[in-house]
Amino acid sequence: MLVSRTLAPLSLVCAAAVSAVVVLHSDGRPATPAASASILGFTPTHSAAERKLEDTFQQIPSPERAREWHRVFTQEPHPAASPRNNQLADFIVDEWRKQGWEEVALRRYDVLHSKPRSISLEIVAPIHYTARLHEDPYDADPDTKNQYIDGAYFGYSASGEVTAEVVYAHSGNPEDYDLLRKNGISVKGKIVIVRYSNPYSYRGFKALTAEREGAAALLIYSDPTEDGFTRGKVFPDGPWGPESHIQHGAITYDYIVPGDPLTPGWASLPGAKRISPSEARSLPKIVALPLSWHDAKPILENMNGPEAPKEWGGALPIRYRLSGGVQVHVKVDMDTSTQPYTVVEARIRGSELPDEWVLLGNHRDAWVFGGVDPSSGTASMMELTRALGEMKKNGTRPRRTLVACSWDGEEYALTGSTEWGEQFADDLKQKLVAYINVDESVAGAATTAGPEGLSFSPSAVASLAPMLVEATKDVRAPSGKSLYEALRATRMRDDKTSSSPQDSALVETRIGSGSDHTVFLNHLGRPVVGLGFTGDYGVYHSAYDDHFWMERIGDPKFEYHVVLSRIWGLLALRLANSDLLPFDFGANGAALRGFVRELDARTGLGKHIDLGDLEQRLESFEKEGRIVTQDLSASLERNRLEERIVPGVNRRLMQVESNWLYPGGIPGRPWFQHLLYAARYTYAHLELPGLTEAAERGDWQAAAEQAKLIQQAIDTNIKTLQAIRTDLEKAEVSNTNEAKP
């Protein structure tokens, strides 16, 4: 029976808990039950030890240290491949070694990079106006005067020079071009101006859509309706974007294949084979440029064509029109040379299960200073690694190996994490228990959040959602409530409802793309968790997203940074120390049934293909999942789980997640191999991707084929769960026989 384990990891930090574990009856059972409630995946005794360890961990992260880390990472602009970003990689290497982490290494990838040589835009008719393409400095924030702040550009924009008439296409989504066509307006050969974004869509989807429509160039501007003065006070007095703010970014088609565009599906190690840029499916072929509303206003206000629909209007004091009379000259000259990106990697080796990994990651590169994105996450990560390193120095090792990574090039194409994931794909498929991603730990203004505070916005694959909810009960929010209570309160506030949400609705289980979890979930079939706080935030990817914004507006006390470090650490420690991995496949099955119901309601899928078999299998999977979860929990609670079957049970639990992979991938996007999760071209979540895309285009034969693939994966996973039950039953029989006189 599982009543003890190697206890050295706990010896110096929680001696009292350890002593409770090692006092045993002659038959190996613990002499006294644990006083505290059990944690998912732990026996009662090990739960008590774990809580002692977690209490020690939570006392270490410091708001002042988080503030110091944040200032280091926001002192200078540090986009990917810049000297400053590479210096920060070396800085993290040194700090992680000082913190006591092991096997600290730099992983180099040679990738196709993209940076501007020359950018210009001017109106040539009916007026002459030269766009500034830079953000205004403010005396209140000296960092905004930094000489290394880049002007406007888009990563991976095509180079080119265009003079053409401008057409306004609202948000630049396909339906917007349909409306233009209904009004007799073609964008072929013209310059399209669109906005960030109502409704939301990723700038790279706007670029692909404009490219498909035959536009010669694309301009994307920030309208105050979305992130400016209509929302509240603007920088430097509030969280929203001022007149000159520019949302930088890349327009890569990484929803087709992420990572280095020239090494799709394999790591871009030095000397790796590379395809030509003309073959790269993720490289745009359109000239594109971001604008502030200051530079967009002269274009829009001088149009004299048909008036735009009311819902296309923004907050500028002008009459929005579809086209007419404005000629613009735009020139974009990009340097697309190969540059090294560096991923920093470090480990704390597991004391008992070193070949089972829990991965923690955040990206390092920023478009400018990255006060929110990503340096808030980086500051939280450095406090997390400092705390875990301090515990390791004091003799506390986790049972499983913790791996920490600082990714590079996320902003360009999710590059560093993708290349690292592709390099170590075989190991990760076998050894990775879960990946916990933090991109922006604090993407909101505490100063405007009200008494309930910023919204905690966790996401996870459905099988890990219950353990995430459980962990929130053991971390305090800045309000003084538990993070669990705060999450429920802010959810009610944000949803404008008086109905208290169910625990099953507290974690977002619909997971899109746009961050470093993508390769692990969608390509390698490993479960992921995402963490962060959100609120009022209108300076995304601009020069005003800096230390001043965070210190004066976002998180002046840096208390949310520390709360994030604490919940991140609790999840990591529970995954690393659990007796049985805390997956809940009953919750997984319930979520999947919800996905199918929503798809059917939206597309009428069930009118065209027989969903009976799929629904029956999902019901069986959910039932098996709930039984396995209950049986495993009961075995842990009674200390009746035989130690000899634990490795096999954990392997099968990990295998369930892997079984959702289909090697052929999604039709048209083979890199994305998960049958349950992918992302739309807008980055938005896309569940049951192959089935959903077939249903949405009305290809019912393809839909039936995709449903069959899902059914086969469900069948495999039902058998996997049944095998766990068989192992448990055999162990119970063995225990019963051993107990007979």
# chains A, B, ... in the order shown; residues from 1 in each chain; ligands from 1
$ residues_around --residues "segment 497-506 of chain A" --least-positions-apart "4" --cutoff "12 Å" --atoms "only C-alpha atoms" --output "ChimeraX atom specification"
/A:455-460,462-470,472-473,483-493,510,584,586-588,590-591,594
$ closest_atom_pairs --of "segment 538-584 of chain A" --to "segment 372-385 of chain A" --cutoff "8 Å" --atoms "only C-alpha atoms" --output "tab-separated table"
residue	atom	partner	partner_atom	distance
A:Tyr540	CA	A:Asp373	CA	7.5
A:His541	CA	A:Asp373	CA	7.2
A:Asp545	CA	A:Val372	CA	6.2
A:Asp546	CA	A:Val372	CA	7.1
A:Met550	CA	A:Val372	CA	7.2
A:His561	CA	A:Ser380	CA	5.4
A:Val562	CA	A:Ser380	CA	6.4
A:Leu564	CA	A:Ser380	CA	6.5
A:Ser565	CA	A:Ser380	CA	5.1
A:Arg566	CA	A:Leu384	CA	7.3
A:Trp568	CA	A:Leu384	CA	7.5
A:Gly569	CA	A:Leu384	CA	6.3
$ residues_around --residues "Val628 of chain A" --least-positions-apart "4" --cutoff "12 Å" --atoms "only C-alpha atoms" --output "number ranges by chain"
A: 580, 582-587, 621-624, 632-635, 649, 652-653, 718-729
$ select_by_dssp --residues "segment 159-300 of chain A" --states "helix (DSSP H, G or I)" --output "PyMOL selection string"
chain A and resi 174-182+203-212+224-227+229-231+277-279+293-300
$ residues_around --residues "Ser276 of chain A" --least-positions-apart "5" --cutoff "10 Å" --atoms "only C-alpha atoms" --output "PDB file with C-alpha atoms, in the first residue's frame"
ATOM      1  CA  PRO A 261       8.645  29.963 -40.690  1.00  0.00           C
ATOM      2  CA  LEU A 262      11.484  28.157 -42.462  1.00  0.00           C
ATOM      3  CA  THR A 263      11.565  25.043 -40.235  1.00  0.00           C
TER       4      THR A 263
END
$ residues_around --residues "segment 332-346 of chain A" --least-positions-apart "4" --cutoff "8 Å" --atoms "only C-alpha atoms" --output "ChimeraX atom specification"
/A:80-81,86,89,92-93,96,101-120,156-161,287-289,403-409,416-417,420
$ closest_residue --among "A:Pro258, A:Pro174, A:Pro667, A:Gly606" --to "His517 of chain A" --atoms "only C-alpha atoms"
A:Pro258
$ residues_around --residues "Ser186 of chain A" --least-positions-apart "4" --cutoff "9 Å" --atoms "only C-alpha atoms" --output "MDAnalysis selection string"
chainID A and resid 167 177 180:181 190 213:215
$ write_last_selection --atoms "all heavy atoms" --output "PDB file, in the first residue's frame"
ATOM      1  N   VAL A 167      -9.411  52.166 -48.544  1.00  0.00           N
ATOM      2  CA  VAL A 167     -10.759  51.681 -48.245  1.00  0.00           C
ATOM      3  C   VAL A 167     -10.804  51.313 -46.762  1.00  0.00           C
ATOM      4  O   VAL A 167      -9.885  50.666 -46.250  1.00  0.00           O
ATOM      5  CB  VAL A 167     -11.113  50.448 -49.100  1.00  0.00           C
ATOM      6  CG1 VAL A 167     -12.464  49.864 -48.665  1.00  0.00           C
ATOM      7  CG2 VAL A 167     -11.139  50.803 -50.578  1.00  0.00           C
ATOM      8  N   TYR A 177     -15.597  42.506 -45.590  1.00  0.00           N
ATOM      9  CA  TYR A 177     -15.382  42.616 -47.039  1.00  0.00           C
ATOM     10  C   TYR A 177     -16.650  42.252 -47.808  1.00  0.00           C
ATOM     11  O   TYR A 177     -16.899  42.786 -48.896  1.00  0.00           O
ATOM     12  CB  TYR A 177     -14.201  41.741 -47.461  1.00  0.00           C
ATOM     13  CG  TYR A 177     -12.877  42.249 -46.929  1.00  0.00           C
ATOM     14  CD1 TYR A 177     -12.352  41.769 -45.733  1.00  0.00           C
ATOM     15  CD2 TYR A 177     -12.161  43.236 -47.611  1.00  0.00           C
ATOM     16  CE1 TYR A 177     -11.151  42.242 -45.230  1.00  0.00           C
ATOM     17  CE2 TYR A 177     -10.952  43.718 -47.119  1.00  0.00           C
ATOM     18  CZ  TYR A 177     -10.452  43.219 -45.923  1.00  0.00           C
ATOM     19  OH  TYR A 177      -9.258  43.700 -45.440  1.00  0.00           O
ATOM     20  N   LEU A 180     -18.583  45.389 -47.973  1.00  0.00           N
ATOM     21  CA  LEU A 180     -18.018  46.293 -48.980  1.00  0.00           C
ATOM     22  C   LEU A 180     -18.465  45.884 -50.377  1.00  0.00           C
ATOM     23  O   LEU A 180     -18.827  46.730 -51.211  1.00  0.00           O
ATOM     24  CB  LEU A 180     -16.489  46.302 -48.888  1.00  0.00           C
ATOM     25  CG  LEU A 180     -15.882  46.993 -47.660  1.00  0.00           C
ATOM     26  CD1 LEU A 180     -14.383  46.763 -47.607  1.00  0.00           C
ATOM     27  CD2 LEU A 180     -16.179  48.491 -47.678  1.00  0.00           C
ATOM     28  N   ARG A 181     -18.434  44.579 -50.651  1.00  0.00           N
ATOM     29  CA  ARG A 181     -18.860  44.105 -51.976  1.00  0.00           C
ATOM     30  C   ARG A 181     -20.313  44.457 -52.242  1.00  0.00           C
ATOM     31  O   ARG A 181     -20.676  44.833 -53.363  1.00  0.00           O
ATOM     32  CB  ARG A 181     -18.647  42.592 -52.080  1.00  0.00           C
ATOM     33  CG  ARG A 181     -17.270  42.194 -52.582  1.00  0.00           C
ATOM     34  CD  ARG A 181     -17.155  40.698 -52.833  1.00  0.00           C
ATOM     35  NE  ARG A 181     -17.098  39.949 -51.591  1.00  0.00           N
ATOM     36  CZ  ARG A 181     -15.975  39.723 -50.912  1.00  0.00           C
ATOM     37  NH1 ARG A 181     -14.815  40.189 -51.369  1.00  0.00           N
ATOM     38  NH2 ARG A 181     -15.996  39.038 -49.787  1.00  0.00           N
ATOM     39  N   LYS A 190      -5.862  48.010 -53.612  1.00  0.00           N
ATOM     40  CA  LYS A 190      -5.999  49.203 -52.790  1.00  0.00           C
ATOM     41  C   LYS A 190      -5.355  48.995 -51.415  1.00  0.00           C
ATOM     42  O   LYS A 190      -4.937  47.897 -51.064  1.00  0.00           O
ATOM     43  CB  LYS A 190      -7.477  49.569 -52.643  1.00  0.00           C
ATOM     44  CG  LYS A 190      -8.121  49.914 -53.991  1.00  0.00           C
ATOM     45  CD  LYS A 190      -9.604  50.196 -53.851  1.00  0.00           C
ATOM     46  CE  LYS A 190     -10.221  50.484 -55.217  1.00  0.00           C
ATOM     47  NZ  LYS A 190     -11.691  50.697 -55.123  1.00  0.00           N
ATOM     48  N   GLU A 213      -8.135  38.968 -50.218  1.00  0.00           N
ATOM     49  CA  GLU A 213      -9.035  39.871 -50.939  1.00  0.00           C
ATOM     50  C   GLU A 213      -8.324  40.664 -52.026  1.00  0.00           C
ATOM     51  O   GLU A 213      -8.972  41.411 -52.760  1.00  0.00           O
ATOM     52  CB  GLU A 213      -9.693  40.839 -49.948  1.00  0.00           C
ATOM     53  CG  GLU A 213     -10.647  40.178 -48.965  1.00  0.00           C
ATOM     54  CD  GLU A 213     -11.955  39.753 -49.607  1.00  0.00           C
ATOM     55  OE1 GLU A 213     -12.272  40.251 -50.712  1.00  0.00           O
ATOM     56  OE2 GLU A 213     -12.663  38.923 -49.011  1.00  0.00           O
ATOM     57  N   GLY A 214      -7.002  40.522 -52.118  1.00  0.00           N
ATOM     58  CA  GLY A 214      -6.254  41.198 -53.167  1.00  0.00           C
ATOM     59  C   GLY A 214      -5.800  42.594 -52.833  1.00  0.00           C
ATOM     60  O   GLY A 214      -5.384  43.350 -53.722  1.00  0.00           O
ATOM     61  N   ALA A 215      -5.864  42.972 -51.550  1.00  0.00           N
ATOM     62  CA  ALA A 215      -5.402  44.306 -51.167  1.00  0.00           C
ATOM     63  C   ALA A 215      -3.896  44.420 -51.365  1.00  0.00           C
ATOM     64  O   ALA A 215      -3.156  43.445 -51.240  1.00  0.00           O
ATOM     65  CB  ALA A 215      -5.757  44.583 -49.707  1.00  0.00           C
TER      66      ALA A 215
END
$ select_by_dssp --residues "segment 45-207 of chain A" --states "strand (DSSP E or B)" --output "count of residues only"
43
$ closest_residue --among "A:Ser197, A:Gln711, A:Thr518, A:Thr252" --to "Leu283 of chain A" --atoms "only C-alpha atoms"
A:Thr252
$ residues_around --residues "segment 677-686 of chain A" --least-positions-apart "4" --cutoff "8 Å" --atoms "only C-alpha atoms" --output "list in words"
Tyr200, Ser201, Tyr202, Arg203, Gly204, Phe205, Tyr253, Tyr255, Ile256, Arg510, Ile511, Gly512, Ser513, Gly514, Leu521, Asn522, Phe672 and Thr692 of chain A
$ closest_atom_pairs --of "segment 135-194 of chain A" --to "segment 308-321 of chain A" --cutoff "9 Å" --atoms "only C-alpha atoms" --output "Markdown table"
| residue | atom | partner | partner_atom | distance |
| --- | --- | --- | --- | --- |
| A:Val167 | CA | A:Arg321 | CA | 8.5 |
| A:Tyr168 | CA | A:Arg321 | CA | 6.9 |
| A:Ala169 | CA | A:Trp312 | CA | 8.6 |
| A:His170 | CA | A:Trp312 | CA | 5.7 |
| A:Ser171 | CA | A:Trp312 | CA | 8.4 |
$ atom_distance --atom1 "atom CA of Glu226 of chain A" --atom2 "atom CA of Pro242 of chain A"
11.9 Å
$ closest_residue --among "A:Gln99, A:Ser62, A:Gln87, A:Thr603" --to "Arg386 of chain A" --atoms "only C-alpha atoms"
A:Gln99
$ atom_distance --atom1 "atom CA of Leu269 of chain A" --atom2 "atom CA of Leu428 of chain A"
17.6 Å
$ closest_residue --among "A:Glu642, A:Asp579, A:Glu76, A:Asp715" --to "Phe42 of chain A" --atoms "only C-alpha atoms"
A:Asp579
$ decode --residues "segment 619-642 of chain A" --atoms "N, CA, C and O atoms" --output "short mmCIF file (atom, residue, chain, number, x, y, z; two decimals), in the first residue's frame"
data_model
loop_
_atom_site.label_atom_id
_atom_site.label_comp_id
_atom_site.auth_asym_id
_atom_site.auth_seq_id
_atom_site.Cartn_x
_atom_site.Cartn_y
_atom_site.Cartn_z
N GLU A 619 -20.59 9.81 -23.23
CA GLU A 619 -21.25 9.49 -21.96
C GLU A 619 -20.50 8.38 -21.23
O GLU A 619 -20.30 8.46 -20.01
N SER A 620 -20.04 7.38 -21.99
CA SER A 620 -19.28 6.28 -21.38
C SER A 620 -17.94 6.78 -20.84
O SER A 620 -17.51 6.38 -19.76
N PHE A 621 -17.29 7.66 -21.61
CA PHE A 621 -16.01 8.19 -21.17
C PHE A 621 -16.18 9.01 -19.89
O PHE A 621 -15.40 8.87 -18.93
N GLU A 622 -17.21 9.86 -19.86
CA GLU A 622 -17.44 10.65 -18.65
C GLU A 622 -17.72 9.74 -17.46
O GLU A 622 -17.19 9.95 -16.36
N LYS A 623 -18.54 8.71 -17.67
CA LYS A 623 -18.87 7.78 -16.58
C LYS A 623 -17.62 7.07 -16.08
O LYS A 623 -17.38 6.99 -14.87
N GLU A 624 -16.81 6.55 -17.01
CA GLU A 624 -15.57 5.87 -16.61
C GLU A 624 -14.64 6.84 -15.89
O GLU A 624 -13.99 6.49 -14.90
N GLY A 625 -14.58 8.06 -16.40
CA GLY A 625 -13.72 9.06 -15.76
C GLY A 625 -14.13 9.34 -14.33
O GLY A 625 -13.28 9.47 -13.44
N ARG A 626 -15.43 9.47 -14.11
CA ARG A 626 -15.91 9.75 -12.75
C ARG A 626 -15.64 8.56 -11.82
O ARG A 626 -15.25 8.74 -10.66
N ILE A 627 -15.86 7.35 -12.33
CA ILE A 627 -15.61 6.17 -11.50
C ILE A 627 -14.14 6.06 -11.13
O ILE A 627 -13.78 5.82 -9.97
N VAL A 628 -13.26 6.26 -12.13
CA VAL A 628 -11.82 6.17 -11.87
C VAL A 628 -11.41 7.25 -10.86
O VAL A 628 -10.66 6.97 -9.91
N THR A 629 -11.90 8.48 -11.04
CA THR A 629 -11.56 9.55 -10.10
C THR A 629 -12.02 9.20 -8.69
O THR A 629 -11.28 9.37 -7.71
N GLN A 630 -13.24 8.69 -8.57
CA GLN A 630 -13.77 8.32 -7.25
C GLN A 630 -12.98 7.17 -6.64
O GLN A 630 -12.64 7.19 -5.45
N ASP A 631 -12.67 6.16 -7.47
CA ASP A 631 -11.95 5.00 -6.94
C ASP A 631 -10.53 5.37 -6.51
O ASP A 631 -10.06 4.92 -5.46
N LEU A 632 -9.87 6.18 -7.32
CA LEU A 632 -8.52 6.59 -6.96
C LEU A 632 -8.54 7.44 -5.69
O LEU A 632 -7.69 7.28 -4.80
N SER A 633 -9.51 8.35 -5.61
CA SER A 633 -9.60 9.20 -4.41
C SER A 633 -9.88 8.36 -3.17
O SER A 633 -9.29 8.59 -2.11
N ALA A 634 -10.77 7.37 -3.32
CA ALA A 634 -11.09 6.51 -2.18
C ALA A 634 -9.88 5.69 -1.75
O ALA A 634 -9.61 5.53 -0.55
N SER A 635 -9.12 5.19 -2.73
CA SER A 635 -7.93 4.41 -2.40
C SER A 635 -6.90 5.26 -1.67
O SER A 635 -6.27 4.82 -0.71
N LEU A 636 -6.73 6.50 -2.14
CA LEU A 636 -5.80 7.40 -1.47
C LEU A 636 -6.29 7.73 -0.06
O LEU A 636 -5.50 7.73 0.90
N GLU A 637 -7.56 8.00 0.06
CA GLU A 637 -8.10 8.40 1.36
C GLU A 637 -7.94 7.29 2.39
O GLU A 637 -7.70 7.54 3.58
N ARG A 638 -8.05 6.03 1.94
CA ARG A 638 -7.96 4.90 2.87
C ARG A 638 -6.54 4.35 2.96
O ARG A 638 -6.30 3.36 3.66
N ASN A 639 -5.61 4.99 2.21
CA ASN A 639 -4.25 4.46 2.13
C ASN A 639 -4.26 2.99 1.67
O ASN A 639 -3.52 2.15 2.19
N ARG A 640 -5.12 2.68 0.70
CA ARG A 640 -5.26 1.31 0.23
C ARG A 640 -4.73 1.16 -1.19
O ARG A 640 -5.07 0.20 -1.88
N LEU A 641 -3.92 2.10 -1.64
CA LEU A 641 -3.38 2.03 -2.99
C LEU A 641 -1.99 1.38 -2.93
O LEU A 641 -1.08 1.92 -2.32
N GLU A 642 -1.86 0.25 -3.57
CA GLU A 642 -0.58 -0.46 -3.54
C GLU A 642 0.49 0.31 -4.30
O GLU A 642 0.28 0.72 -5.44
#
